[in-house]
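What follows is a set of notes on a single structure, which appears directly below.
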Amino acid sequence: MRAILSLLGLLVSLGVHAAPLYESDFASRPDGPADLPDWSLSGGDFHLRDGWLCVASDRDNPVAVLPVKQDGDVTFRARVRGAIHCHWTALLARRVYRLEVNNQFVHVALLRKVGNEWRQVASAPGYRRYAASAEQFELRLVVHGDRVMGFVDTRKVVEYRDPDPVPVDGEYALLGGWGTRVAWRDISVSDEPDEREWPRERLPEARGAELVEVTQVRGLSDEQPPVNVYTDGQTGGVRIAVRSRLPRPGALRLRFRLLDVHQRLRAQQVQRVALQPGEERQLTAAFRAPARGCFKVSLDAARDGEPWGWVEDLGSFVVVAPELETRPRDADSLFGSHMDGIHLQWHLRIGRKLGVQWARCHDMMQWTWWDRVQPDSRDQWRWYDEAQRTVDELGFRTSGEFLWVPGWAQRPGAPADPRTYPPADLRDFARYVYETVSHYKGSIHHWEVWNEPHFSGFFSGTPEQYADLLRVAYREAKRADPACTVIGGGGVNLLAMDWIRQMLQAAGGQNMDAISIHYLDPSTAAAGLRELRAMLSAVGFRGPIWNTEECVESSSFLDQCRRDYAEPEAPYHFRNACYELVRVYMENLAGGVQRVFYYDLADPWRMKTFAKPRVFEPTRLTGSLWDEGSMLKPVAAAHAALALAIDGMVFRRRMRQGAREGFVFAAPDGRRAAAVIYATYPTFSQRKRLTLALPPGKRPERLQVMDFMGNVTPVGAEAGSLQLTLSREPVYLLYRGDSAERLLVRIVQQAG
C-alpha cells in the first residue's frame with residue numbers, strides 16, 4: 001500500500017494529466033523576442049529563453065492570451081517562475097475566473113468577474129506552504145460543472161460553487177501586476193477536469209469516543225504549566241480524566257499507545273476500568289523514553305470481547321540530549337528564538353533544552369520597546385530588571401529591540417497607526433536609545449533597530465526616514481555602550497529589495513554593525529543573499545547577517561488536530577516539517593547568515609488554560625514549535641537534534657552532487673566536525689541506499705551517525721564502510737579527532 005501511495009504521489013508531482021486541447025511548445029522555439037503569432041501579448045516585454053515565456057513589466061499589467069476556446073469543463077495549468085518576487089500573478093479561465101497568488105496580501109485568491117468588477121470568492125493564506133519550491137511551481141485552475149477550484153502544485157487551496165451562468169467564448173490568459181518579472185512554461189488547456197491532489201493518509205475514525213470522553217489532558221509534571229521535555233531514559237506521558245458514555249454501569253478496556261514521529265508503535269499499556277454512567281476517572285499513562293524524539297500517546301477504548309476503537313490522540317512529549325541544557329553559555333551560538341515574558345522562566349528552561357541560547361526582545365519579551373520604557377511621558381522610565389535578570393541567570397544572550405513610538409512622542413495627525421510613524425522629534429528617540437542601552441548594558445549588548453520597517457504594519461515612514469532612525473540609534477547606542485552591536489534592517493524581507501536598496505543608499509554602511517533579515521525562503525535564499533551582499537558591499541558594509549525570524553509551518557502531531565493537512569507528501573506534514581527545518585537552516589547558514597532565531601517558542605495557551613487539546617475547524621498549520629495541549633511538535637525535537645549536531649561550530653563547506661546536498665561544519669580547534677546530508681528528491685518517500693568507504697588510517701569508533709531526532713549510532717571499530725540511506729530525511733555524521741573536517745568531506749563526496 002505504501003508503494004502504491006508513493007507511486008501516486010510521484011505521478012501527481014510529475015503532472016500526469018489528460019491529453020490537452022492546447023500545450024505550449026516554447027522549448028522548440030529560438031530564444032529572443034516572443035514571436036508567437038497565435039498568441040495575443042500586451043502590457044509588457046515578452047521574450048523566450050530556455051523554453052520559458054518571460055515577461056517584464058513596470059507600469060502595465062501584462063496579459064498573454066492563449067489561442068484556445070473551451071466553454072465546458074476545463075483544466076488550465078501553467079508552471080510559473082519568479083512569482084514570489086512580484087505583486088501578483090494569475091491564471092484567467094473562461095474570462096471570468098482568476099486564480100491569483102498575491103505577495104502583498106500573502107494569499108491565494110479565486111476571483112469571479114461580475115460586470116466590470118472582480119470579486120474575491122475564495123481565498124487561502126499563503127501559497128508557499130503548498131509549493132515544492134516558492135521560486136517555481138504549478139498553478140492549476142479547474143472548472144467542473146459549477147465548481148471552480150484552484151491548485152498550487154498538488155494541493156487544492158481554494159474552491160467556489162458558482163450560482164451564475166458563465167459567458168460563452170471565454171478566453172484563457174496569463175496575467176500579472178505592475179512590476180512583473182515572471183516566466184511561464186508547461187501551459188496547457190484540457191477538457192478533462194483534473195482534481196487530483198497529494199494522496200492523503202487514512203486517519204482513524206473516533207469509534208471509541210462512543211464509549212468514553214476525554215475531559216482533561218495534562219503532562220506528568222505537577223508544575224504548571226507542565227514541562228513535557230525529558231532527557232534520555234526519563235519517564236514521560238500524560239495524566240487524563242475520562243468520563244463514561246455508557247448508558248449503564250460497565251467495564252471498559254483502555255489502551256494507551258506510544259507512537260513515534262514515523263507513527264510506529266513503541267510501547268503500549270492496557271488499563272481496565274469499571275464506570276458508572278457519566279462517572280469521571282483520573283488515569284495516568286507513563287512511558288520510559290524509548291529513544292530521543294517526539295512521541296505521542298493515543299487512546300483506544302473497547303468493551304470486553306470487542307475490537308478496539310480509537311478515541312483521540314492525547315498529547316505528546318519530547319526527549320532530547322541532556323547536554324543541551326548544560327552546555328556552557330556561548331556568545332557564538334547559531335540558535336536563537338522568541339520566548340515569552342509570560343511564564344518566562346518556564347519558556348526559557350524549555351528553550352535551553354531545545355538548544356536555544358539567544359532570546360530576542362520582540363512580541364513576547366517587550367521590555368526594551370519605547371512604548372514600554374517610556375509609556376506615558378518624556379520623563380517617566382520603566383525598567384524590567386527582574387525579567388532581564390532571569391534571562392541572564394538561565395544563560396541566555398539577549399537581542400534587544402527599539403520599537404514603537406509611545407503616544408506622547410507621536411507625530412500628530414498620523415493617518416494610520418501612529419506608533420508606526422517616525423516620532424515628532426528624533427531627539428526624544430535619541431534619548432530613549434541612550435538611556436535604554438545605558439541601563440541594560442550589563443546584560444544586553446546587541447540592539448536591533450525596529451522590526452520589519454519595510455512593512456507598513458510596523459513602520460509607515462519611508463526608507464530614508466528609517467535610515468534617519470538607524471543613524472540616530474547607532475550614534476546614541478555607541479555613546480552609551482561603545483562595545484555594543486547595532487543591528488540595522490530590522491528583519492527586512494529579501495522580497496523587498498527596492499526598499500533595502502533605498503534604505504542603504506540613504507544610511508550608508510557606517511551606521512550598523514550587522515543587518516537582520518526575516519523569513520528566508522530556502523528556494524530563493526542563495527540568489528537573495530547574493531543580491532543583498534552586493535548591495536551591502538556597494539555601501540561599504542561587510543558585517544554579519546542575522547535572521548531574527550525564521551520558521552517552518554507544520555501540522556499538529558495529533559490526528560484529530562490535522563484532518564485538513566494529512567498528506568504524507570506535503571512539506572507541512574509534521575514529520576516532513578522536521579526535514580524542512582534542517583533545509584531552511586542549512587540555506588541560511590551556507591548563505592552566510594551568522595545566527596537564526598526561530599519564531600516562535602511562545603506557548604499559544606499561555607494566556608489561558610484549556611482542559612485538553614483544542615480542535616479547530618478547519619484544522620490549522622502554524623510555525624510555532626508548540627502543538628495543542630502545551631506540548632511540543634516533532635519539529636521541536638528536530639531543532640534540538642540540529643543544535644546538538646552543529647552548535648559550537650562554524651559552516652565550512654557545501655557540496656552538491658545531483659540531488660544530494662552536504663554541509664560540513666567544524667569546531668574552531670579543528671578536532672570536531674559535523675556533516676549534514678539529505679537529498680532534494682521530488683517526493684519524501686524516495687530513498688537510495690548508500691555504501692560509503694571510510695578513509696583508511698582513521699579510527700571509525702570516533703565516527704557517529706545521528707538521525708534527525710537526535711539518536712546517535714556509533715560506527716563499529718571493525719567496519720570498513722558506512723551504510724546510509726539518502727532521502728529528504730537529514731542524516732548527521734559526527735567525528736571527533738584530528739583532521740575531522742577533511743575526513744567528513746571525503747565521506748560526503750562519495751554520497752552521490
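In the C-alpha cells, chains take letters A, B, ... by order of appearance, with residues numbered from 1 within each chain and ligands from 1 in the order shown.
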Can you pull out every residue within 12 Å of Leu726 of chain A, counting only C-alpha atoms, but drop anything in the same chain fewer than 2 positions away, and send it as an MDAnalysis selection string? chainID A and resid 658:662 676:681 684:692 707 723:724 728:732 748 750:752
Within 9 Å of Arg245 of chain A, counting only C-alpha atoms, which residues qualify if same-chain residues fewer than 5 places away don't, as a list in words?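 Listed by chain and then number, they are Ala209, Glu210, Leu211, Val212, Glu213, Gln276, Pro277, Gly278 and Glu279 of chain A.
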Could you pull out the strand (DSSP E) residues of segment 76-203 of chain A, going by DSSP on the backbone, and write them as a ChimeraX atom specification? /A:76-81,88-93,97-102,107-114,117-125,136-144,147-152,155-161,173-176,180-190
Residue set, segment 430-623 of chain A restricted to alpha helix (DSSP H), as JSON, numbers by chain: {"A": [430, 431, 432, 433, 434, 435, 436, 437, 438, 439, 440, 463, 464, 465, 466, 467, 468, 469, 470, 471, 472, 473, 474, 475, 476, 477, 478, 479, 480, 497, 498, 499, 500, 501, 502, 503, 504, 505, 506, 507, 525, 526, 527, 528, 529, 530, 531, 532, 533, 534, 535, 536, 537, 538, 576, 577, 578, 579, 580, 581, 582, 583, 584, 585, 586, 587, 588, 589, 590]}
Can you pull out every residue within 9 Å of Asp260 of chain A, counting only C-alpha atoms, but drop anything in the same chain fewer than 5 positions away, and send it as a list of chain:residue names? A:Leu265, A:Arg266, A:Gly293, A:Cys294, A:Phe295, A:Lys296
Write out, as CSV, each residue of segment 392-483 of chain A that has an atom at most 12 Å from segment 537-547 of chain A, together with the closest pair of atoms and their distance in Å to one decimal, counting only C-alpha atoms, rows going by chain and rising number.
```
residue,atom,partner,partner_atom,distance
A:Ser399,CA,A:Trp546,CA,10.9
A:His446,CA,A:Trp546,CA,11.4
A:Trp447,CA,A:Trp546,CA,11.9
A:Glu448,CA,A:Trp546,CA,10.2
A:Asn451,CA,A:Asn547,CA,11.8
A:Glu452,CA,A:Asn547,CA,11.6
```
For segment 534-591 of chain A against segment 297-307 of chain A, with a cut-off of 12 Å and counting only C-alpha atoms, what is the closest atom pair and its distance in Å to one decimal for every residue that makes the cut, ordered by chain and number, as a Markdown table?
```
| residue | atom | partner | partner_atom | distance |
| --- | --- | --- | --- | --- |
| A:Phe557 | CA | A:Val297 | CA | 10.3 |
| A:Leu558 | CA | A:Ser298 | CA | 8.5 |
| A:Asp559 | CA | A:Ser298 | CA | 9.2 |
| A:Gln560 | CA | A:Ser298 | CA | 10.7 |
```
Which residues are near Phe396 of chain A? Cut-off 6 Å, only C-alpha atoms, ignore same chain within fewer than 3 positions. Put them as a compact mmCIF listing (two decimals) with C-alpha atoms, in the first residue's frame.
```txt
# COMPACT_ATOMS: atom_id res chain seq x y z
CA GLN A 357 20.98 30.21 23.55
CA TRP A 358 19.74 33.60 22.31
CA VAL A 391 17.19 35.69 31.18
CA ASP A 392 20.80 36.28 32.27
```
Residue with smallest distance to Ala409 of chain A - pool A:Val593, A:Ala430, A:Ile487, A:Met149, counting only C-alpha atoms: A:Ala430
Given only C-alpha atoms as the basis, pick out the residue of A:Val238, A:Ala611, A:Ile444, A:Leu334 nearest to Ser221 of chain A.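 Ranked by minimum distance to Ser221 of chain A, first place goes to A:Val238.
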Using only C-alpha atoms, which residues sit within 9 Å of segment 170-172 of chain A once same-chain residues fewer than 2 positions away are excluded, as a ChimeraX atom specification? /A:64-71,76,91-96,166-168,174,189
Give me a file of those residues, with N, CA and C atoms, as a PDB file, in the first residue's frame.
```pdb
ATOM      1  N   ALA A  64      -1.096  37.710 -21.512  1.00  0.00           N
ATOM      2  CA  ALA A  64      -0.785  36.790 -22.602  1.00  0.00           C
ATOM      3  C   ALA A  64      -2.006  35.903 -22.808  1.00  0.00           C
ATOM      4  N   VAL A  65      -2.743  36.128 -23.927  1.00  0.00           N
ATOM      5  CA  VAL A  65      -3.984  35.412 -24.195  1.00  0.00           C
ATOM      6  C   VAL A  65      -3.692  34.172 -25.028  1.00  0.00           C
ATOM      7  N   LEU A  66      -4.241  33.033 -24.582  1.00  0.00           N
ATOM      8  CA  LEU A  66      -3.997  31.751 -25.242  1.00  0.00           C
ATOM      9  C   LEU A  66      -4.860  31.584 -26.494  1.00  0.00           C
ATOM     10  N   PRO A  67      -4.354  30.878 -27.499  1.00  0.00           N
ATOM     11  CA  PRO A  67      -5.115  30.649 -28.732  1.00  0.00           C
ATOM     12  C   PRO A  67      -6.050  29.449 -28.620  1.00  0.00           C
ATOM     13  N   VAL A  68      -7.005  29.481 -27.678  1.00  0.00           N
ATOM     14  CA  VAL A  68      -7.897  28.340 -27.493  1.00  0.00           C
ATOM     15  C   VAL A  68      -9.197  28.821 -26.868  1.00  0.00           C
ATOM     16  N   LYS A  69     -10.292  28.153 -27.205  1.00  0.00           N
ATOM     17  CA  LYS A  69     -11.595  28.410 -26.593  1.00  0.00           C
ATOM     18  C   LYS A  69     -12.100  27.098 -26.008  1.00  0.00           C
ATOM     19  N   GLN A  70     -12.669  27.171 -24.826  1.00  0.00           N
ATOM     20  CA  GLN A  70     -13.228  25.975 -24.191  1.00  0.00           C
ATOM     21  C   GLN A  70     -14.266  26.443 -23.186  1.00  0.00           C
ATOM     22  N   ASP A  71     -15.533  26.097 -23.430  1.00  0.00           N
ATOM     23  CA  ASP A  71     -16.620  26.604 -22.592  1.00  0.00           C
ATOM     24  C   ASP A  71     -17.129  25.598 -21.568  1.00  0.00           C
ATOM     25  N   PHE A  76      -6.929  24.264 -16.693  1.00  0.00           N
ATOM     26  CA  PHE A  76      -5.957  25.216 -17.231  1.00  0.00           C
ATOM     27  C   PHE A  76      -4.786  25.242 -16.259  1.00  0.00           C
ATOM     28  N   LEU A  91      -3.762  33.126 -13.316  1.00  0.00           N
ATOM     29  CA  LEU A  91      -4.352  32.476 -14.478  1.00  0.00           C
ATOM     30  C   LEU A  91      -5.767  33.006 -14.660  1.00  0.00           C
ATOM     31  N   LEU A  92      -6.173  33.219 -15.920  1.00  0.00           N
ATOM     32  CA  LEU A  92      -7.531  33.636 -16.249  1.00  0.00           C
ATOM     33  C   LEU A  92      -8.186  32.520 -17.052  1.00  0.00           C
ATOM     34  N   ALA A  93      -9.364  32.061 -16.623  1.00  0.00           N
ATOM     35  CA  ALA A  93     -10.077  31.000 -17.321  1.00  0.00           C
ATOM     36  C   ALA A  93     -11.495  31.443 -17.633  1.00  0.00           C
ATOM     37  N   ARG A  94     -11.907  31.194 -18.857  1.00  0.00           N
ATOM     38  CA  ARG A  94     -13.275  31.488 -19.324  1.00  0.00           C
ATOM     39  C   ARG A  94     -13.641  32.953 -19.096  1.00  0.00           C
ATOM     40  N   ARG A  95     -12.654  33.800 -19.089  1.00  0.00           N
ATOM     41  CA  ARG A  95     -12.778  35.252 -18.999  1.00  0.00           C
ATOM     42  C   ARG A  95     -13.256  35.756 -17.635  1.00  0.00           C
ATOM     43  N   VAL A  96     -13.827  34.894 -16.794  1.00  0.00           N
ATOM     44  CA  VAL A  96     -14.443  35.381 -15.555  1.00  0.00           C
ATOM     45  C   VAL A  96     -13.828  34.795 -14.294  1.00  0.00           C
ATOM     46  N   VAL A 166     -22.075  31.307 -16.875  1.00  0.00           N
ATOM     47  CA  VAL A 166     -20.792  31.846 -17.327  1.00  0.00           C
ATOM     48  C   VAL A 166     -20.892  32.172 -18.810  1.00  0.00           C
ATOM     49  N   PRO A 167     -20.395  33.328 -19.233  1.00  0.00           N
ATOM     50  CA  PRO A 167     -20.448  33.674 -20.660  1.00  0.00           C
ATOM     51  C   PRO A 167     -19.707  32.653 -21.516  1.00  0.00           C
ATOM     52  N   VAL A 168     -20.232  32.405 -22.724  1.00  0.00           N
ATOM     53  CA  VAL A 168     -19.542  31.507 -23.651  1.00  0.00           C
ATOM     54  C   VAL A 168     -18.422  32.262 -24.352  1.00  0.00           C
ATOM     55  N   LEU A 174      -2.616  34.400 -19.216  1.00  0.00           N
ATOM     56  CA  LEU A 174      -1.659  34.566 -18.131  1.00  0.00           C
ATOM     57  C   LEU A 174      -1.621  36.050 -17.795  1.00  0.00           C
ATOM     58  N   VAL A 189      -4.288  23.467 -21.765  1.00  0.00           N
ATOM     59  CA  VAL A 189      -5.733  23.518 -21.533  1.00  0.00           C
ATOM     60  C   VAL A 189      -6.294  22.156 -21.926  1.00  0.00           C
TER      61      VAL A 189
END
```
So the first atom is atom CA of Asp425 of chain A and the second is atom CA of Val472 of chain A; what is the distance between them in Å, to one decimal place? 11.6 Å
What lies within 12 Å of Gln594 of chain A using only C-alpha atoms, ignoring chain neighbours under 2 positions off, as a PyMOL selection string? chain A and resi 331-336+514-517+543-548+585-592+596-597+647+649-651
Selection from above, N, CA and C atoms, as a PDB file, in the first residue's frame, can you write it?
```
ATOM      1  N   ALA A 331      28.394  32.823  23.284  1.00  0.00           N
ATOM      2  CA  ALA A 331      28.003  34.035  22.562  1.00  0.00           C
ATOM      3  C   ALA A 331      27.987  33.818  21.061  1.00  0.00           C
ATOM      4  N   ASP A 332      28.662  32.779  20.582  1.00  0.00           N
ATOM      5  CA  ASP A 332      28.707  32.497  19.151  1.00  0.00           C
ATOM      6  C   ASP A 332      27.677  31.458  18.722  1.00  0.00           C
ATOM      7  N   SER A 333      26.766  31.101  19.606  1.00  0.00           N
ATOM      8  CA  SER A 333      25.755  30.107  19.258  1.00  0.00           C
ATOM      9  C   SER A 333      24.976  30.533  18.021  1.00  0.00           C
ATOM     10  N   LEU A 334      24.617  29.542  17.212  1.00  0.00           N
ATOM     11  CA  LEU A 334      23.859  29.789  15.990  1.00  0.00           C
ATOM     12  C   LEU A 334      22.368  29.926  16.245  1.00  0.00           C
ATOM     13  N   PHE A 335      21.899  29.569  17.452  1.00  0.00           N
ATOM     14  CA  PHE A 335      20.475  29.331  17.667  1.00  0.00           C
ATOM     15  C   PHE A 335      19.848  30.318  18.651  1.00  0.00           C
ATOM     16  N   GLY A 336      18.830  31.019  18.154  1.00  0.00           N
ATOM     17  CA  GLY A 336      18.028  31.888  18.997  1.00  0.00           C
ATOM     18  C   GLY A 336      16.557  31.575  18.810  1.00  0.00           C
ATOM     19  N   ALA A 514      25.709  45.061  12.057  1.00  0.00           N
ATOM     20  CA  ALA A 514      25.145  43.853  11.453  1.00  0.00           C
ATOM     21  C   ALA A 514      23.828  44.260  10.822  1.00  0.00           C
ATOM     22  N   ILE A 515      23.284  43.394   9.992  1.00  0.00           N
ATOM     23  CA  ILE A 515      21.972  43.638   9.392  1.00  0.00           C
ATOM     24  C   ILE A 515      21.127  42.391   9.588  1.00  0.00           C
ATOM     25  N   SER A 516      19.819  42.574   9.826  1.00  0.00           N
ATOM     26  CA  SER A 516      18.944  41.424  10.065  1.00  0.00           C
ATOM     27  C   SER A 516      17.902  41.299   8.960  1.00  0.00           C
ATOM     28  N   ILE A 517      17.589  40.053   8.648  1.00  0.00           N
ATOM     29  CA  ILE A 517      16.562  39.713   7.676  1.00  0.00           C
ATOM     30  C   ILE A 517      15.533  38.817   8.358  1.00  0.00           C
ATOM     31  N   GLY A 543      29.667  43.563   7.432  1.00  0.00           N
ATOM     32  CA  GLY A 543      29.372  42.913   8.700  1.00  0.00           C
ATOM     33  C   GLY A 543      28.492  41.689   8.521  1.00  0.00           C
ATOM     34  N   PRO A 544      28.150  41.034   9.624  1.00  0.00           N
ATOM     35  CA  PRO A 544      27.357  39.796   9.554  1.00  0.00           C
ATOM     36  C   PRO A 544      25.887  40.048   9.266  1.00  0.00           C
ATOM     37  N   ILE A 545      25.242  38.989   8.797  1.00  0.00           N
ATOM     38  CA  ILE A 545      23.792  38.978   8.588  1.00  0.00           C
ATOM     39  C   ILE A 545      23.176  38.075   9.642  1.00  0.00           C
ATOM     40  N   TRP A 546      22.129  38.572  10.307  1.00  0.00           N
ATOM     41  CA  TRP A 546      21.353  37.757  11.238  1.00  0.00           C
ATOM     42  C   TRP A 546      19.979  37.518  10.626  1.00  0.00           C
ATOM     43  N   ASN A 547      19.388  36.384  10.927  1.00  0.00           N
ATOM     44  CA  ASN A 547      17.985  36.148  10.594  1.00  0.00           C
ATOM     45  C   ASN A 547      17.235  36.073  11.916  1.00  0.00           C
ATOM     46  N   THR A 548      16.511  37.130  12.243  1.00  0.00           N
ATOM     47  CA  THR A 548      15.905  37.216  13.579  1.00  0.00           C
ATOM     48  C   THR A 548      14.460  36.709  13.626  1.00  0.00           C
ATOM     49  N   TYR A 585      17.540  25.942   7.737  1.00  0.00           N
ATOM     50  CA  TYR A 585      18.731  26.380   8.473  1.00  0.00           C
ATOM     51  C   TYR A 585      19.991  26.226   7.628  1.00  0.00           C
ATOM     52  N   MET A 586      20.075  25.165   6.848  1.00  0.00           N
ATOM     53  CA  MET A 586      21.263  24.989   6.010  1.00  0.00           C
ATOM     54  C   MET A 586      21.366  26.099   4.971  1.00  0.00           C
ATOM     55  N   GLU A 587      20.251  26.490   4.363  1.00  0.00           N
ATOM     56  CA  GLU A 587      20.295  27.566   3.373  1.00  0.00           C
ATOM     57  C   GLU A 587      20.683  28.894   4.026  1.00  0.00           C
ATOM     58  N   ASN A 588      20.221  29.136   5.228  1.00  0.00           N
ATOM     59  CA  ASN A 588      20.629  30.336   5.959  1.00  0.00           C
ATOM     60  C   ASN A 588      22.130  30.321   6.236  1.00  0.00           C
ATOM     61  N   LEU A 589      22.602  29.264   6.862  1.00  0.00           N
ATOM     62  CA  LEU A 589      23.986  29.231   7.335  1.00  0.00           C
ATOM     63  C   LEU A 589      24.972  29.114   6.174  1.00  0.00           C
ATOM     64  N   ALA A 590      24.626  28.318   5.159  1.00  0.00           N
ATOM     65  CA  ALA A 590      25.507  28.218   3.994  1.00  0.00           C
ATOM     66  C   ALA A 590      25.536  29.520   3.211  1.00  0.00           C
ATOM     67  N   GLY A 591      24.480  30.323   3.330  1.00  0.00           N
ATOM     68  CA  GLY A 591      24.427  31.613   2.645  1.00  0.00           C
ATOM     69  C   GLY A 591      25.104  32.739   3.398  1.00  0.00           C
ATOM     70  N   GLY A 592      25.692  32.436   4.539  1.00  0.00           N
ATOM     71  CA  GLY A 592      26.435  33.446   5.273  1.00  0.00           C
ATOM     72  C   GLY A 592      25.693  34.078   6.435  1.00  0.00           C
ATOM     73  N   VAL A 596      20.355  32.400  13.631  1.00  0.00           N
ATOM     74  CA  VAL A 596      18.952  32.261  13.246  1.00  0.00           C
ATOM     75  C   VAL A 596      18.098  32.179  14.506  1.00  0.00           C
ATOM     76  N   PHE A 597      17.031  32.980  14.552  1.00  0.00           N
ATOM     77  CA  PHE A 597      16.078  32.980  15.667  1.00  0.00           C
ATOM     78  C   PHE A 597      14.778  32.344  15.181  1.00  0.00           C
ATOM     79  N   ASP A 647      25.875  23.126  16.781  1.00  0.00           N
ATOM     80  CA  ASP A 647      26.155  24.347  17.539  1.00  0.00           C
ATOM     81  C   ASP A 647      27.562  24.281  18.136  1.00  0.00           C
ATOM     82  N   MET A 649      30.032  25.142  16.283  1.00  0.00           N
ATOM     83  CA  MET A 649      30.853  25.006  15.083  1.00  0.00           C
ATOM     84  C   MET A 649      30.535  26.149  14.130  1.00  0.00           C
ATOM     85  N   VAL A 650      31.309  26.229  13.057  1.00  0.00           N
ATOM     86  CA  VAL A 650      31.061  27.216  12.012  1.00  0.00           C
ATOM     87  C   VAL A 650      30.909  26.487  10.690  1.00  0.00           C
ATOM     88  N   PHE A 651      30.104  27.064   9.812  1.00  0.00           N
ATOM     89  CA  PHE A 651      29.915  26.476   8.497  1.00  0.00           C
ATOM     90  C   PHE A 651      31.207  26.570   7.699  1.00  0.00           C
TER      91      PHE A 651
END
```
Could you check which of A:Asp313, A:Asp603, A:Glu476, A:Asp468 is closest to Val615 of chain A, using only C-alpha atoms?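 Of all the options, A:Asp313 lies closest to Val615 of chain A.
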Would you mind telling me which residue in A:Phe663, A:Tyr230, A:Phe429, A:Phe402 lies nearest to Lys353 of chain A when using only C-alpha atoms?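 Among A:Phe663, A:Tyr230, A:Phe429, A:Phe402, it is A:Tyr230 that comes nearest to Lys353 of chain A.
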Within 8 Å of Ala424 of chain A, counting only C-alpha atoms, which residues show up once you throw out same-chain ones fewer than 5 positions away? Write them as a PyMOL selection string, please. chain A and resi 409-412
With a cut-off of 10 Å, could you pull out the residues of segment 383-499 of chain A touching segment 374-378 of chain A and give me the nearest pair of atoms for each, distance in Å to one decimal, using only C-alpha atoms, ordered by chain and ascending number, as CSV?
```
residue,atom,partner,partner_atom,distance
A:Trp383,CA,A:Gln374,CA,9.2
A:Val405,CA,A:Pro375,CA,9.1
A:Pro406,CA,A:Pro375,CA,5.8
A:Gly407,CA,A:Asp376,CA,7.2
A:Trp408,CA,A:Ser377,CA,6.0
A:Ala409,CA,A:Arg378,CA,7.8
A:Asp428,CA,A:Arg378,CA,7.6
A:Arg431,CA,A:Arg378,CA,9.3
A:Tyr432,CA,A:Gln374,CA,7.8
A:Thr436,CA,A:Gln374,CA,9.9
```
I need the residue nearest Gln269 of chain A from this list: A:Ser555, A:Thr284, A:Thr609, A:Gln704. Use only C-alpha atoms for the distance.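 Closest residue, counting only C-alpha atoms: A:Thr284.
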Residue with smallest distance to Arg654 of chain A - pool A:Arg397, A:Ala56, A:Met706, A:Val745, counting only C-alpha atoms: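 Closest to Arg654 of chain A of all the choices is A:Val745.
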